[in-house]
Amino acid sequence: MRSRGKQTSVSLKSLCVYKCVSSTSVFLSDLLYVLTTMIIILIWWSMQEAAKRSCNVHDGVDGRSIESSETDCDNRGLFKSQFGCCPHKECSLDHFPFHLRSGAANVVPPKICFNNTIIMGGVRDNSGQGLNIVTINGQTGKILRSNYFNLKSVGPEELLDYLKLIKPGNIILVASHINPETKLTDEIKDIFAGLGSTMIRSLKPMDSWVFAGTYGMKKASPFEKLIQNDLKNNAYGDWPEMGEIMDCFPKV
């Protein structure tokens, strides 16, 4: 009986030790998870701040910007900052560098860069659903206007008024996000066609579209890309992959 009692006592002690060790292991595992998460968040935050400091960011409509010696965002750390910055592009003196990227699904916002400077999206966080549009003086490179138009929630009148302000000698940059086609009237499509777009009449819901154009182009604009929504080939479920153009636009 004493032997059996001792065995029971030893078993209980072993069980207690096992539970204590298991509880300690779980605690340490949870603590490690929390610490790792905090470190990742701190790294992400520091890289976002670095991205803001290392990018040219347009400030207002008068063409001024916060200048930096580094604008190509070549940081290849844990979190790439290219989505927040403008890839650097070298162009001849009679051309302006620009970069357009449509949004991807409902996660990645669109981005418009001009003269290696962020105008919409990225660290500016001023882009939106629908059509994101920037109007530029084609000779000086001065930013005249920028806005986004979510025609899913409002009528087309505001967009039409914006487009009617575009004059010969202006450059227009466009990047779509989520649903660019909603409520586009024939008059709106005619204006885009007059600016050099050949794909505006093919634009459908949830397509990805980027475009750069101006009035008076002898040929259709070479700066246009349309990736159509196709459930069989979409990169992101209900949405296609992002459209992207990086090139040099001639001075007008």
# chains A, B, ... in the order shown; residues from 1 in each chain; ligands from 1
call {"tool": "residues_around", "arguments": {"residues": "Gln129 (chain A)", "least_positions_apart": "6", "cutoff": "6 Å", "atoms": "only C-alpha atoms", "output": "count of residues only"}}
result
3
call {"tool": "atom_distance", "arguments": {"atom1": "CA of Phe114 (chain A)", "atom2": "CA of Glu224 (chain A)"}}
result
15.6 Å
call {"tool": "residues_around", "arguments": {"residues": "Gly141 (chain A)", "least_positions_apart": "6", "cutoff": "10 Å", "atoms": "only C-alpha atoms", "output": "list in words"}}
result
Gly63, His95, Phe96, Phe114, Asn115, Thr135, Asn170, Ile171, Lys251 and Val252 of chain A
call {"tool": "select_by_dssp", "arguments": {"residues": "region 76-250 of chain A", "states": "strand (DSSP E)", "output": "PyMOL selection string"}}
result
chain A and resi 95-101+111-114+117-121+130-137+143-149+170-177+208-214+224-227+244-250
call {"tool": "write_last_selection", "arguments": {"atoms": "C-alpha atoms", "output": "PDB file, in the first residue's frame"}}
result
ATOM      1  CA  HIS A  95      10.516  65.507 -71.459  1.00  0.00           C
ATOM      2  CA  PHE A  96       8.940  65.015 -68.021  1.00  0.00           C
ATOM      3  CA  PRO A  97       9.331  61.710 -66.143  1.00  0.00           C
ATOM      4  CA  PHE A  98       6.099  60.228 -64.848  1.00  0.00           C
ATOM      5  CA  HIS A  99       4.865  57.046 -63.201  1.00  0.00           C
ATOM      6  CA  LEU A 100       1.272  55.789 -63.103  1.00  0.00           C
ATOM      7  CA  ARG A 101      -0.037  52.795 -61.180  1.00  0.00           C
ATOM      8  CA  LYS A 111      -0.361  56.280 -57.364  1.00  0.00           C
ATOM      9  CA  ILE A 112       0.529  59.150 -59.697  1.00  0.00           C
ATOM     10  CA  CYS A 113       4.057  60.571 -59.842  1.00  0.00           C
ATOM     11  CA  PHE A 114       5.330  63.433 -62.002  1.00  0.00           C
ATOM     12  CA  THR A 117       7.513  63.551 -57.211  1.00  0.00           C
ATOM     13  CA  ILE A 118       4.429  61.992 -55.636  1.00  0.00           C
ATOM     14  CA  ILE A 119       1.278  63.873 -56.591  1.00  0.00           C
ATOM     15  CA  MET A 120      -1.423  61.396 -55.567  1.00  0.00           C
ATOM     16  CA  GLY A 121      -1.293  58.184 -53.543  1.00  0.00           C
ATOM     17  CA  GLY A 130     -12.841  55.677 -59.192  1.00  0.00           C
ATOM     18  CA  LEU A 131     -10.652  57.914 -61.371  1.00  0.00           C
ATOM     19  CA  ASN A 132      -7.618  59.739 -59.935  1.00  0.00           C
ATOM     20  CA  ILE A 133      -6.650  62.632 -62.205  1.00  0.00           C
ATOM     21  CA  VAL A 134      -3.827  65.193 -62.259  1.00  0.00           C
ATOM     22  CA  THR A 135      -3.658  68.160 -64.644  1.00  0.00           C
ATOM     23  CA  ILE A 136      -0.247  69.704 -65.408  1.00  0.00           C
ATOM     24  CA  ASN A 137       1.103  72.653 -67.370  1.00  0.00           C
ATOM     25  CA  ILE A 143       0.732  71.015 -61.097  1.00  0.00           C
ATOM     26  CA  LEU A 144      -2.558  72.766 -61.862  1.00  0.00           C
ATOM     27  CA  ARG A 145      -5.176  70.489 -60.295  1.00  0.00           C
ATOM     28  CA  SER A 146      -5.597  67.009 -58.841  1.00  0.00           C
ATOM     29  CA  ASN A 147      -8.615  65.118 -57.568  1.00  0.00           C
ATOM     30  CA  TYR A 148     -10.325  61.741 -57.551  1.00  0.00           C
ATOM     31  CA  PHE A 149     -13.873  61.012 -58.693  1.00  0.00           C
ATOM     32  CA  ASN A 170      -2.086  70.700 -70.464  1.00  0.00           C
ATOM     33  CA  ILE A 171      -0.974  67.155 -69.647  1.00  0.00           C
ATOM     34  CA  ILE A 172      -3.457  64.841 -67.953  1.00  0.00           C
ATOM     35  CA  LEU A 173      -2.476  61.801 -65.864  1.00  0.00           C
ATOM     36  CA  VAL A 174      -5.078  59.198 -64.857  1.00  0.00           C
ATOM     37  CA  ALA A 175      -5.005  56.123 -62.613  1.00  0.00           C
ATOM     38  CA  SER A 176      -8.076  54.038 -61.783  1.00  0.00           C
ATOM     39  CA  HIS A 177      -9.035  52.231 -58.616  1.00  0.00           C
ATOM     40  CA  SER A 208      -7.421  48.577 -64.279  1.00  0.00           C
ATOM     41  CA  TRP A 209      -6.656  51.643 -66.403  1.00  0.00           C
ATOM     42  CA  VAL A 210      -3.791  54.134 -66.517  1.00  0.00           C
ATOM     43  CA  PHE A 211      -3.461  56.922 -69.069  1.00  0.00           C
ATOM     44  CA  ALA A 212      -1.415  60.015 -69.888  1.00  0.00           C
ATOM     45  CA  GLY A 213      -2.447  62.351 -72.675  1.00  0.00           C
ATOM     46  CA  THR A 214      -2.887  65.878 -74.014  1.00  0.00           C
ATOM     47  CA  GLU A 224      -2.115  53.980 -71.955  1.00  0.00           C
ATOM     48  CA  LYS A 225      -2.703  50.542 -70.479  1.00  0.00           C
ATOM     49  CA  LEU A 226      -5.961  48.700 -69.875  1.00  0.00           C
ATOM     50  CA  ILE A 227      -6.139  45.406 -67.989  1.00  0.00           C
ATOM     51  CA  GLU A 244       1.466  50.493 -64.553  1.00  0.00           C
ATOM     52  CA  ILE A 245       3.354  52.888 -66.822  1.00  0.00           C
ATOM     53  CA  MET A 246       6.703  54.610 -66.223  1.00  0.00           C
ATOM     54  CA  ASP A 247       7.908  56.784 -69.096  1.00  0.00           C
ATOM     55  CA  CYS A 248       8.879  60.246 -70.340  1.00  0.00           C
ATOM     56  CA  PHE A 249       6.166  62.658 -71.543  1.00  0.00           C
ATOM     57  CA  PRO A 250       7.287  65.283 -74.081  1.00  0.00           C
TER      58      PRO A 250
END
call {"tool": "atom_distance", "arguments": {"atom1": "CA of Leu184 (chain A)", "atom2": "CA of Pro156 (chain A)"}}
result
6.7 Å
call {"tool": "atom_distance", "arguments": {"atom1": "CA of Thr182 (chain A)", "atom2": "CA of Asp207 (chain A)"}}
result
10.9 Å
call {"tool": "decode", "arguments": {"residues": "region 61-203 of chain A", "atoms": "C-alpha atoms", "output": "JSON list (two decimals), in the first residue's frame"}}
result
[["chain", "number", "residue", "atom", "x", "y", "z"],
["A", 61, "VAL", "CA", -0.91, 73.08, -56.47],
["A", 62, "ASP", "CA", 1.88, 75.59, -57.01],
["A", 63, "GLY", "CA", 4.45, 72.99, -58.05],
["A", 64, "ARG", "CA", 6.52, 73.23, -54.86],
["A", 65, "SER", "CA", 7.82, 70.03, -53.31],
["A", 66, "ILE", "CA", 9.88, 68.77, -50.42],
["A", 67, "GLU", "CA", 13.16, 67.91, -52.11],
["A", 68, "SER", "CA", 15.48, 65.05, -51.23],
["A", 69, "SER", "CA", 18.68, 63.68, -52.72],
["A", 70, "GLU", "CA", 17.10, 60.23, -52.89],
["A", 71, "THR", "CA", 13.89, 59.67, -54.83],
["A", 72, "ASP", "CA", 14.22, 56.23, -56.37],
["A", 73, "CYS", "CA", 13.17, 54.30, -53.23],
["A", 74, "ASP", "CA", 15.69, 51.52, -53.66],
["A", 75, "ASN", "CA", 15.34, 50.41, -50.05],
["A", 76, "ARG", "CA", 15.22, 46.61, -50.19],
["A", 77, "GLY", "CA", 14.57, 46.03, -46.51],
["A", 78, "LEU", "CA", 11.90, 43.93, -44.84],
["A", 79, "PHE", "CA", 9.14, 46.14, -46.24],
["A", 80, "LYS", "CA", 9.82, 47.56, -49.72],
["A", 81, "SER", "CA", 8.94, 51.25, -49.85],
["A", 82, "GLN", "CA", 8.32, 51.37, -53.61],
["A", 83, "PHE", "CA", 4.56, 51.38, -53.05],
["A", 84, "GLY", "CA", 4.89, 54.61, -51.09],
["A", 85, "CYS", "CA", 7.50, 56.32, -53.25],
["A", 86, "CYS", "CA", 8.19, 57.17, -56.87],
["A", 87, "PRO", "CA", 10.64, 55.08, -58.87],
["A", 88, "HIS", "CA", 13.29, 57.43, -60.26],
["A", 89, "LYS", "CA", 13.19, 58.02, -64.02],
["A", 90, "GLU", "CA", 15.76, 59.92, -66.10],
["A", 91, "CYS", "CA", 14.44, 61.83, -69.13],
["A", 92, "SER", "CA", 15.85, 64.32, -71.61],
["A", 93, "LEU", "CA", 15.40, 68.03, -70.89],
["A", 94, "ASP", "CA", 12.40, 68.30, -73.22],
["A", 95, "HIS", "CA", 10.52, 65.51, -71.46],
["A", 96, "PHE", "CA", 8.94, 65.02, -68.02],
["A", 97, "PRO", "CA", 9.33, 61.71, -66.14],
["A", 98, "PHE", "CA", 6.10, 60.23, -64.85],
["A", 99, "HIS", "CA", 4.87, 57.05, -63.20],
["A", 100, "LEU", "CA", 1.27, 55.79, -63.10],
["A", 101, "ARG", "CA", -0.04, 52.80, -61.18],
["A", 102, "SER", "CA", -3.66, 51.79, -60.83],
["A", 103, "GLY", "CA", -4.99, 50.38, -57.60],
["A", 104, "ALA", "CA", -4.93, 46.64, -56.94],
["A", 105, "ALA", "CA", -8.16, 45.08, -55.64],
["A", 106, "ASN", "CA", -9.45, 47.06, -52.67],
["A", 107, "VAL", "CA", -6.12, 46.91, -50.84],
["A", 108, "VAL", "CA", -3.37, 48.76, -52.74],
["A", 109, "PRO", "CA", -4.28, 52.37, -53.64],
["A", 110, "PRO", "CA", -3.35, 53.98, -56.96],
["A", 111, "LYS", "CA", -0.36, 56.28, -57.36],
["A", 112, "ILE", "CA", 0.53, 59.15, -59.70],
["A", 113, "CYS", "CA", 4.06, 60.57, -59.84],
["A", 114, "PHE", "CA", 5.33, 63.43, -62.00],
["A", 115, "ASN", "CA", 8.89, 64.72, -62.23],
["A", 116, "ASN", "CA", 9.88, 61.99, -59.73],
["A", 117, "THR", "CA", 7.51, 63.55, -57.21],
["A", 118, "ILE", "CA", 4.43, 61.99, -55.64],
["A", 119, "ILE", "CA", 1.28, 63.87, -56.59],
["A", 120, "MET", "CA", -1.42, 61.40, -55.57],
["A", 121, "GLY", "CA", -1.29, 58.18, -53.54],
["A", 122, "GLY", "CA", 1.74, 56.64, -51.87],
["A", 123, "VAL", "CA", 2.78, 58.46, -48.70],
["A", 124, "ARG", "CA", 0.46, 61.32, -49.72],
["A", 125, "ASP", "CA", -2.58, 59.13, -48.92],
["A", 126, "ASN", "CA", -4.83, 61.40, -51.03],
["A", 127, "SER", "CA", -6.04, 59.00, -53.74],
["A", 128, "GLY", "CA", -9.41, 57.28, -53.85],
["A", 129, "GLN", "CA", -11.82, 54.98, -55.63],
["A", 130, "GLY", "CA", -12.84, 55.68, -59.19],
["A", 131, "LEU", "CA", -10.65, 57.91, -61.37],
["A", 132, "ASN", "CA", -7.62, 59.74, -59.93],
["A", 133, "ILE", "CA", -6.65, 62.63, -62.20],
["A", 134, "VAL", "CA", -3.83, 65.19, -62.26],
["A", 135, "THR", "CA", -3.66, 68.16, -64.64],
["A", 136, "ILE", "CA", -0.25, 69.70, -65.41],
["A", 137, "ASN", "CA", 1.10, 72.65, -67.37],
["A", 138, "GLY", "CA", 2.77, 70.86, -70.27],
["A", 139, "GLN", "CA", 5.53, 73.44, -70.66],
["A", 140, "THR", "CA", 6.53, 74.32, -67.11],
["A", 141, "GLY", "CA", 5.54, 71.11, -65.31],
["A", 142, "LYS", "CA", 3.48, 73.05, -62.76],
["A", 143, "ILE", "CA", 0.73, 71.01, -61.10],
["A", 144, "LEU", "CA", -2.56, 72.77, -61.86],
["A", 145, "ARG", "CA", -5.18, 70.49, -60.30],
["A", 146, "SER", "CA", -5.60, 67.01, -58.84],
["A", 147, "ASN", "CA", -8.62, 65.12, -57.57],
["A", 148, "TYR", "CA", -10.32, 61.74, -57.55],
["A", 149, "PHE", "CA", -13.87, 61.01, -58.69],
["A", 150, "ASN", "CA", -15.83, 58.11, -57.24],
["A", 151, "LEU", "CA", -18.77, 57.99, -59.63],
["A", 152, "LYS", "CA", -20.27, 55.09, -57.72],
["A", 153, "SER", "CA", -21.35, 57.49, -54.98],
["A", 154, "VAL", "CA", -21.81, 60.76, -56.94],
["A", 155, "GLY", "CA", -22.97, 61.84, -60.38],
["A", 156, "PRO", "CA", -20.68, 62.53, -63.35],
["A", 157, "GLU", "CA", -21.15, 66.31, -63.29],
["A", 158, "GLU", "CA", -18.15, 67.06, -61.07],
["A", 159, "LEU", "CA", -15.85, 64.96, -63.27],
["A", 160, "LEU", "CA", -17.21, 66.60, -66.40],
["A", 161, "ASP", "CA", -16.60, 70.07, -64.94],
["A", 162, "TYR", "CA", -13.03, 69.08, -64.09],
["A", 163, "LEU", "CA", -12.35, 67.74, -67.60],
["A", 164, "LYS", "CA", -13.77, 70.86, -69.23],
["A", 165, "LEU", "CA", -11.05, 72.91, -67.50],
["A", 166, "ILE", "CA", -8.34, 71.04, -69.41],
["A", 167, "LYS", "CA", -6.85, 73.28, -72.09],
["A", 168, "PRO", "CA", -4.48, 72.70, -75.03],
["A", 169, "GLY", "CA", -0.98, 72.57, -73.60],
["A", 170, "ASN", "CA", -2.09, 70.70, -70.46],
["A", 171, "ILE", "CA", -0.97, 67.15, -69.65],
["A", 172, "ILE", "CA", -3.46, 64.84, -67.95],
["A", 173, "LEU", "CA", -2.48, 61.80, -65.86],
["A", 174, "VAL", "CA", -5.08, 59.20, -64.86],
["A", 175, "ALA", "CA", -5.00, 56.12, -62.61],
["A", 176, "SER", "CA", -8.08, 54.04, -61.78],
["A", 177, "HIS", "CA", -9.04, 52.23, -58.62],
["A", 178, "ILE", "CA", -11.70, 49.53, -58.09],
["A", 179, "ASN", "CA", -14.43, 50.72, -60.44],
["A", 180, "PRO", "CA", -13.51, 53.46, -62.94],
["A", 181, "GLU", "CA", -16.30, 52.96, -65.46],
["A", 182, "THR", "CA", -19.43, 53.71, -63.45],
["A", 183, "LYS", "CA", -21.55, 56.53, -64.96],
["A", 184, "LEU", "CA", -19.03, 57.60, -67.60],
["A", 185, "THR", "CA", -21.14, 59.49, -70.13],
["A", 186, "ASP", "CA", -20.49, 59.69, -73.86],
["A", 187, "GLU", "CA", -19.40, 63.32, -73.39],
["A", 188, "ILE", "CA", -16.80, 62.29, -70.80],
["A", 189, "LYS", "CA", -15.54, 59.51, -73.05],
["A", 190, "ASP", "CA", -15.31, 61.94, -75.97],
["A", 191, "ILE", "CA", -13.09, 64.25, -73.92],
["A", 192, "PHE", "CA", -10.74, 61.41, -72.98],
["A", 193, "ALA", "CA", -10.66, 60.30, -76.62],
["A", 194, "GLY", "CA", -9.77, 63.87, -77.62],
["A", 195, "LEU", "CA", -6.84, 63.70, -75.18],
["A", 196, "GLY", "CA", -5.51, 60.64, -77.00],
["A", 197, "SER", "CA", -7.20, 57.68, -75.31],
["A", 198, "THR", "CA", -8.14, 54.75, -77.54],
["A", 199, "MET", "CA", -9.23, 52.46, -74.70],
["A", 200, "ILE", "CA", -11.74, 54.64, -72.84],
["A", 201, "ARG", "CA", -14.69, 53.19, -74.80],
["A", 202, "SER", "CA", -13.56, 49.66, -73.87],
["A", 203, "LEU", "CA", -13.38, 50.44, -70.14]]
